[in-house]
Amino acid sequence: MIDIETLKEHIDYTLESTHLAGIGERRQGKVRDIYIAPHRTILVASDRYSAFDRNLALVPFKGAMLTGIASFWFDATKDIIQNHIVAMPDPNVIVCKKCTVLPIEVVVRGYITGVTGTALWTLYMTGKRDFGDFTLPDGMKKNQKLDHPILTPTTKSDEHDRPVTNAEIVSEGMVEEGLWKQVCEKALALFARGTEIAASRGLILVDTKYEFGVDEDGVLTLVDEIHTPDSSRYWKLASYANRFDSGLEPEYFDKEFLRLWFKEHSDPYNDKVLPEAPKEMVAELSRRYIEIYETLTGKEFTADFSVPIEERIANNLKSYATN
Ligand SMILES: Nc1ncnc2c1ncn2[C@@H]1O[C@H](COP(=O)(O)OP(=O)(O)OP(=O)(O)O)[C@@H](O)[C@H]1O
Ligand SMILES: [Mg+2]
C-alpha cells in the first residue's frame, strides 16, 4: 500500500471541482459534480471532504476511492437490484442511467450506535423505545447488535433530514405503496449481502444509506453510491465482541478526527475562512480511504500522479459530449 510520506508529498494532487463543457447541465452536490443530460446523468466524485455544510479539505484520491468502492458494491449486488451504472470511463466518474430519484434516504441499521442528535443510540438514551415502525426493548447497550436490521428512512432535503415512518411515506405521497414495499425489501436484501461480504473482509457493515430511483422504463433502480465509507459505517469484526464486552468503542474506519480538528481550531459554522488542515491529517485520511478500498475490493491501488485529474476526466469524457 502507498505510504503516508508519498501522500504527504502529493497532498495537492486533488480534484476540487470540475467545470466540464458539453456533457450536460452542471449541478454541485456536497461531494459530487452532477452533469444532467436528457437521457443520462454523469456523476464526478471530487476529493471534497464535507462537514458543517461546507468543504473542509481536499483529500487525495478520496473521489476515486469512493467511486471504486461503489463500483465494487454495485457489481456485487446487481443480482439483487439493477443499478444506475452505464459506464465508468474514469476512476472518478460514473455515467448513470437517467433516473427519477425517490425523495427518501433509505437508512438501514444493524447495530444501535451513533452520537448525533438523530442517531438511534442518542434517541434510545433519551428514553425513546417506540420508533413508529419498530420498538426497541429496555436494557440495550451502546453498539449492541440489533435482533435484525431495521429501516429508519428520512426525507431527503437540503435542510434537515426528517425521520419518516412507512405510513407517512405512503400517505404523504412521497412514494407509492407498492413501490415503497419493493424499496424496503431491496434495501434489506442489499444490507444482508453487504453484511456477508464485509464479514469475509474482516469488517462489520454497521449501518448505511441507500438512494433509489425509477428509470425511464419505470423500473426500480439503485442510484447514488452504495456501502462507501461516506454513506456507511464499518467496524472491525475481529475485535468487536471483546471490545463490546469490555465496554470499549469498536475499532472503525474513522474520518471524524479531521472534523473534530476543525471544531477545536475554528468556528466551522460561522468563520468565513477556515484554517488549513494539517498535511499529516489529510494524508492520513487519504491513506484510510485507500486502505478500506483495498480491504473491500481486494485490489491494490497504485497511484499515478502524472496527469492533472480534471484534464484526465475531460479527456475520458470526450465521447460523452452532447453537442
Ligand atoms: N442516477 C442518478 N440520477 C440522478 N441523480 C442522482 C443519481 N445518483 C445520484 N444522484 C444524486 O446526485 C447527488 C450526488 O451528489 P453528492 O453525493 O455530492 O450529493 P450530496 O450533496 O451528498 O446530496 P445528498 O445529501 O442529496 O446526497 C445526490 O443528490 C444524489 O441524489
Ligand atoms: Mg451524497
# chains A, B, ... in the order shown; residues from 1 in each chain; ligands from 1
call {"tool": "residues_around", "arguments": {"residues": "segment 241-253 of chain A", "least_positions_apart": "2", "cutoff": "8 Å", "atoms": "only C-alpha atoms", "output": "VMD selection string"}}
result
chain A and resid 143 to 144 229 233 to 239 255 288 292
call {"tool": "residues_around", "arguments": {"residues": "segment 161-177 of chain A", "least_positions_apart": "5", "cutoff": "8 Å", "atoms": "only C-alpha atoms", "output": "list of chain:residue names"}}
result
A:Leu102, A:Pro103, A:Ile104, A:Gly132, A:Asp133, A:Thr152, A:Pro153, A:Thr154, A:Thr155, A:Lys156
call {"tool": "select_by_dssp", "arguments": {"residues": "segment 69-241 of chain A", "states": "helix (DSSP H, G or I)", "output": "MDAnalysis selection string"}}
result
chainID A and resid 69:76 120:125 166:171 177:200 237:241
call {"tool": "closest_atom_pairs", "arguments": {"of": "chain A", "to": "ligand 2", "cutoff": "9 Å", "atoms": "only C-alpha atoms and all ligand atoms", "output": "Markdown table"}}
result
| residue | atom | partner | partner_atom_place_in_ligand_line | distance |
| --- | --- | --- | --- | --- |
| A:Gly29 | CA | ligand 2 | 1 (Mg) | 7.2 |
| A:Lys30 | CA | ligand 2 | 1 (Mg) | 6.9 |
| A:Val31 | CA | ligand 2 | 1 (Mg) | 6.7 |
| A:Arg32 | CA | ligand 2 | 1 (Mg) | 7.5 |
| A:Glu211 | CA | ligand 2 | 1 (Mg) | 8.9 |
| A:Asp224 | CA | ligand 2 | 1 (Mg) | 6.8 |
| A:Glu225 | CA | ligand 2 | 1 (Mg) | 7.4 |
| A:Asp230 | CA | ligand 2 | 1 (Mg) | 8.0 |
| A:Ser231 | CA | ligand 2 | 1 (Mg) | 7.4 |
call {"tool": "residues_around", "arguments": {"residues": "segment 2-4 of chain A", "least_positions_apart": "3", "cutoff": "8 Å", "atoms": "only C-alpha atoms", "output": "mmCIF file with all heavy atoms, in the first residue's frame"}}
result
data_model
loop_
_atom_site.group_PDB
_atom_site.id
_atom_site.type_symbol
_atom_site.label_atom_id
_atom_site.label_comp_id
_atom_site.auth_asym_id
_atom_site.auth_seq_id
_atom_site.Cartn_x
_atom_site.Cartn_y
_atom_site.Cartn_z
ATOM 1 N N LEU A 7 1.995 10.261 0.121
ATOM 2 C CA LEU A 7 0.746 11.026 0.087
ATOM 3 C C LEU A 7 0.975 12.463 0.531
ATOM 4 O O LEU A 7 0.417 13.402 -0.044
ATOM 5 C CB LEU A 7 -0.315 10.352 0.962
ATOM 6 C CG LEU A 7 -0.837 9.026 0.406
ATOM 7 C CD1 LEU A 7 -1.619 8.260 1.466
ATOM 8 C CD2 LEU A 7 -1.711 9.269 -0.830
ATOM 9 N N LYS A 8 1.817 12.646 1.541
ATOM 10 C CA LYS A 8 2.118 13.999 2.018
ATOM 11 C C LYS A 8 2.808 14.826 0.931
ATOM 12 O O LYS A 8 2.495 15.991 0.737
ATOM 13 C CB LYS A 8 3.010 13.922 3.264
ATOM 14 C CG LYS A 8 2.234 14.289 4.522
ATOM 15 C CD LYS A 8 2.879 13.817 5.790
ATOM 16 C CE LYS A 8 4.167 14.518 6.146
ATOM 17 N NZ LYS A 8 4.730 13.933 7.409
ATOM 18 N N ALA A 283 -3.264 13.592 4.830
ATOM 19 C CA ALA A 283 -2.607 12.415 4.243
ATOM 20 C C ALA A 283 -3.094 11.143 4.938
ATOM 21 O O ALA A 283 -3.321 10.113 4.295
ATOM 22 C CB ALA A 283 -1.087 12.544 4.359
ATOM 23 N N GLU A 284 -3.281 11.213 6.244
ATOM 24 C CA GLU A 284 -3.752 10.043 6.992
ATOM 25 C C GLU A 284 -5.180 9.675 6.563
ATOM 26 O O GLU A 284 -5.512 8.501 6.402
ATOM 27 C CB GLU A 284 -3.679 10.319 8.497
ATOM 28 C CG GLU A 284 -4.312 9.256 9.398
ATOM 29 C CD GLU A 284 -3.755 7.840 9.225
ATOM 30 O OE1 GLU A 284 -2.658 7.684 8.657
ATOM 31 O OE2 GLU A 284 -4.443 6.884 9.649
ATOM 32 N N ARG A 287 -4.958 7.975 3.305
ATOM 33 C CA ARG A 287 -4.477 6.608 3.495
ATOM 34 C C ARG A 287 -5.617 5.687 3.949
ATOM 35 O O ARG A 287 -5.734 4.553 3.508
ATOM 36 C CB ARG A 287 -3.351 6.599 4.538
ATOM 37 C CG ARG A 287 -2.526 5.324 4.580
ATOM 38 C CD ARG A 287 -1.679 5.216 5.837
ATOM 39 N NE ARG A 287 -2.490 5.146 7.046
ATOM 40 C CZ ARG A 287 -3.185 4.071 7.435
ATOM 41 N NH1 ARG A 287 -3.135 2.970 6.722
ATOM 42 N NH2 ARG A 287 -3.920 4.097 8.537
ATOM 43 N N PHE A 301 -4.171 -0.586 -4.856
ATOM 44 C CA PHE A 301 -4.287 0.700 -5.535
ATOM 45 C C PHE A 301 -2.901 1.223 -5.853
ATOM 46 O O PHE A 301 -2.032 1.286 -4.985
ATOM 47 C CB PHE A 301 -5.019 1.697 -4.633
ATOM 48 C CG PHE A 301 -4.977 3.101 -5.166
ATOM 49 C CD1 PHE A 301 -5.669 3.429 -6.321
ATOM 50 C CD2 PHE A 301 -4.227 4.081 -4.526
ATOM 51 C CE1 PHE A 301 -5.616 4.717 -6.831
ATOM 52 C CE2 PHE A 301 -4.172 5.372 -5.034
ATOM 53 C CZ PHE A 301 -4.866 5.689 -6.183
ATOM 54 N N THR A 302 -2.685 1.577 -7.119
ATOM 55 C CA THR A 302 -1.420 2.214 -7.466
ATOM 56 C C THR A 302 -1.684 3.638 -7.925
ATOM 57 O O THR A 302 -2.515 3.873 -8.797
ATOM 58 C CB THR A 302 -0.677 1.456 -8.582
ATOM 59 O OG1 THR A 302 -1.637 1.068 -9.569
ATOM 60 C CG2 THR A 302 0.022 0.228 -8.058
ATOM 61 N N ALA A 303 -0.984 4.557 -7.303
ATOM 62 C CA ALA A 303 -1.218 5.972 -7.580
ATOM 63 C C ALA A 303 -0.430 6.417 -8.801
ATOM 64 O O ALA A 303 0.705 6.015 -8.989
ATOM 65 C CB ALA A 303 -0.807 6.790 -6.374
#
call {"tool": "residues_near_ligand", "arguments": {"ligand": "ligand 1", "cutoff": "10 Å", "atoms": "only C-alpha atoms and all ligand atoms", "output": "number ranges by chain"}}
result
A: 27-36, 40-46, 48, 50, 53-54, 83-86, 94-105, 156-161, 209-215, 221-225, 230-231
call {"tool": "residues_around", "arguments": {"residues": "segment 197-207 of chain A", "least_positions_apart": "5", "cutoff": "9 Å", "atoms": "only C-alpha atoms", "output": "list in words"}}
result
Ala76, Val107, Val108, Arg109, Gly110, Tyr111, Ile112, Thr113, Lys145, Pro149, Phe191, Ala192, His227, Ser231, Ser232, Arg233, Tyr234, Trp235, Lys236, Leu237, Ala238, Tyr240, Tyr252, Thr295, Leu296, Thr297 and Gly298 of chain A
call {"tool": "atom_distance", "arguments": {"atom1": "atom CA of Ala37 of chain A", "atom2": "atom CA of Val219 of chain A"}}
result
19.5 Å
call {"tool": "residues_around", "arguments": {"residues": "Thr122 of chain A", "least_positions_apart": "4", "cutoff": "12 Å", "atoms": "only C-alpha atoms", "output": "number ranges by chain"}}
result
A: 112-118, 126-129, 141-143
call {"tool": "closest_residue", "arguments": {"among": "A:Pro91, A:Pro278, A:Gly194, A:Pro268", "to": "Thr67 of chain A", "atoms": "only C-alpha atoms"}}
result
A:Pro91
call {"tool": "residues_around", "arguments": {"residues": "Ala21 of chain A", "least_positions_apart": "6", "cutoff": "10 Å", "atoms": "only C-alpha atoms", "output": "ChimeraX atom specification"}}
result
/A:35,314,318,321-323
call {"tool": "select_by_dssp", "arguments": {"residues": "segment 7-92 of chain A", "states": "strand (DSSP E)", "output": "PyMOL selection string"}}
result
chain A and resi 25-28+32-37+40-45+48-51+54-58+85-90
call {"tool": "closest_residue", "arguments": {"among": "A:Pro275, A:Ala87, A:Tyr124, A:Asp79", "to": "Tyr320 of chain A", "atoms": "only C-alpha atoms"}}
result
A:Ala87
call {"tool": "residues_around", "arguments": {"residues": "Glu311 of chain A", "least_positions_apart": "5", "cutoff": "10 Å", "atoms": "only C-alpha atoms", "output": "ChimeraX atom specification"}}
result
/A:18,20,316-317
call {"tool": "closest_residue", "arguments": {"among": "A:Ile80, A:Phe61, A:Thr228, A:Glu196", "to": "Gln182 of chain A", "atoms": "only C-alpha atoms"}}
result
A:Ile80
